[in-house]
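What follows is a single structure, written as structure tokens, with notes after it.
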Amino acid sequence: MPNLSGKVAVVTGAGRGIGREHALALARAGAKIVVNDLGASLAGEGADEGPAHEVVREIEALGGEAVANGENVADFEGAKRMLEQAVNRFGRLDILINNAGILRDRMLVNMDEHEWDAVIDVHLKGHFAPTRHAAAYWRERSKAGEEVRARVINTASPSGVFGNVGQANYGAAKAGIVGFTLIAAQELARYGVTVNALAPNARTRMTEQAFGELPPPEDGFDAADPANNSAVVVALCADEAQEITGQVFFVYGGVVNMLRGWEAAGDSRWDPDALLQELHERLPDGAEPPGMLASMHAAGGRSMRE
């Protein structure tokens with residue numbers, strides 16, 4: 001396991017599911033953790049300090065150091081206070097794991113404005129706000145002459161990279177996070193900061209909402225275990241991963257895939273008639289998105305139900 005001793009990590013949405021596993025894995029590797037979780041419902045309503053404090057107790061039972069934080073990551077000033085807590089409590093900030101999220105699934109024709117805004121706010125602004133403040137902190141350290149080896153790991157989704165029916169708000173937000181990751185990686189490289197993203201596949205409150213309950217197998221490998229994703233996080237946070245940035249990792253069961261971006265599909269003609277004829281020749285049966293599950297299978301690995 002990479003040695004992260006002396007490093008300080010902030011993990012958002014760390015009270016349950018994938019975020020909890022990230023926090024525990026980073027703590028096992030030696031990092032000190034700020035466990036952020038508003039404790040809201042899956043739809044983003046209400047608040048409960050219990051989950052974050054429970055994870056802190058788990059980390060302390062492992063012999064690690066952690067502190068709970070209940071800020072709303074989509075609150076610009078709240079995100080700043082969260083990162084300041086890390087620096088004030090542990091003396092520095094090295095790692096930011098943006099993981100917090102909510103669901104408000106609905107078919108597009110039935111989705112109301114609030115259901116769209118709430119999901120975009122928590123996911124997109126909830127990635128921007130903490131990253132913006134962390135980036136300013138690391139830029140200041142870099143300009144002061146310090147050697148910075150900082151990490152941002154964002155959380156996309158198969159819904160964002162492959163598309164999923166009933167999740168126009170969630171998928172659009174997650175696709176936006178991929179674009180945000182690519183741009184932030186380019187902008188922050190000069191300060192010693194790498195920015196990558198995960199598109200995880202795991203058993204969580206969100207997947208139970210979307211696909212129903214997926215009980216773990218009685219024996220053998222659990223393809224839907226949230227902890228499967230955390231090994232990628234720990235590896236990317238190692239100093240030895242300094243040259244890996246701007247990548248999207250699709251974790252599917254026991255397989256880790258690196259996703260490629262848009263690719264050109266041949267030359268195009270500007271004349272509409274010629275272009276339409278060429279499209280008919282290349283796509284005699286038409287073309288449509290294959291859907292998330294089919295795309296996930298095509299990308300490799302094992303599904304949550306296998």
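Numbering starts fresh at 1 for the residues of each chain in the structure tokens, the chains themselves are lettered A, B, ... in the order given, and ligands are numbered from 1 as they appear.
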
Near Pro51 of chain A, within 8 Å and counting only C-alpha atoms, which residues show up once chain neighbours fewer than 3 positions away are dropped, as JSON, numbers by chain? {"A": [15, 16, 37, 39, 48, 54, 55]}

May I ask for the distance between atom CA of Met1 of chain A and atom CA of Val87 of chain A, given in Å to one decimal place?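 Those two atoms sit 25.1 Å apart.
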
Within 9 Å of segment 163-182 of chain A, which residues of segment 238-268 of chain A come that close, and what is the closest atom pair and distance in Å for each? Count only C-alpha atoms and give it as a tab-separated table.
```
residue	atom	partner	partner_atom	distance
A:Thr245	CA	A:Leu182	CA	8.4
A:Gly246	CA	A:Leu182	CA	4.9
A:Gln247	CA	A:Leu182	CA	7.4
A:Val248	CA	A:Val178	CA	7.3
```

I'd like to know which residues of segment 93-266 of chain A are strand (DSSP E) (by DSSP, run on the backbone); could you write them as number ranges by chain? A: 95-97, 150-155, 193-199, 248-252, 255-259

Env of Thr155 of chain A: 8 Å cut, atoms = only C-alpha atoms, seq-sep filter 3 positions within chain, self excluded. Answer as a list in words. Asn98, Asn99, Lys174, Ile177, Ala197, Leu198, Ala199 and Pro200 of chain A

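If you measure from each of A:Leu275, A:Val35, A:Leu103, A:Leu93 to Tyr137 of chain A using only C-alpha atoms, the closest one turns out to be A:Leu93.
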
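With distances restricted to only C-alpha atoms, A:Val193 is the closest residue to Arg139 of chain A from A:Val193, A:Arg89, A:His127, A:Gly101.
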
Computed interatomic separation between atom CA of Val255 of chain A and atom CA of Gly19 of chain A (Å):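 Computed distance, atom CA of Val255 of chain A to atom CA of Gly19 of chain A, equals 19.4 Å.
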
All helix (DSSP H, G or I) positions in segment 53-283 of chain A, as a PyMOL selection string: chain A and resi 53-61+76-90+108-110+113-143+158-162+168-191+205-211+226-237+239-241+272-282

Best match for closeness to Ser157 of chain A among A:Ala227, A:Ala25, A:Met296, A:Met82, counting only C-alpha atoms: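 Ranking A:Ala227, A:Ala25, A:Met296, A:Met82 by distance to Ser157 of chain A, first place goes to A:Met296.
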
Between atom CA of Glu77 of chain A and atom CA of Gly126 of chain A, what is the distance in Å, rounded to a tenth? 11.5 Å
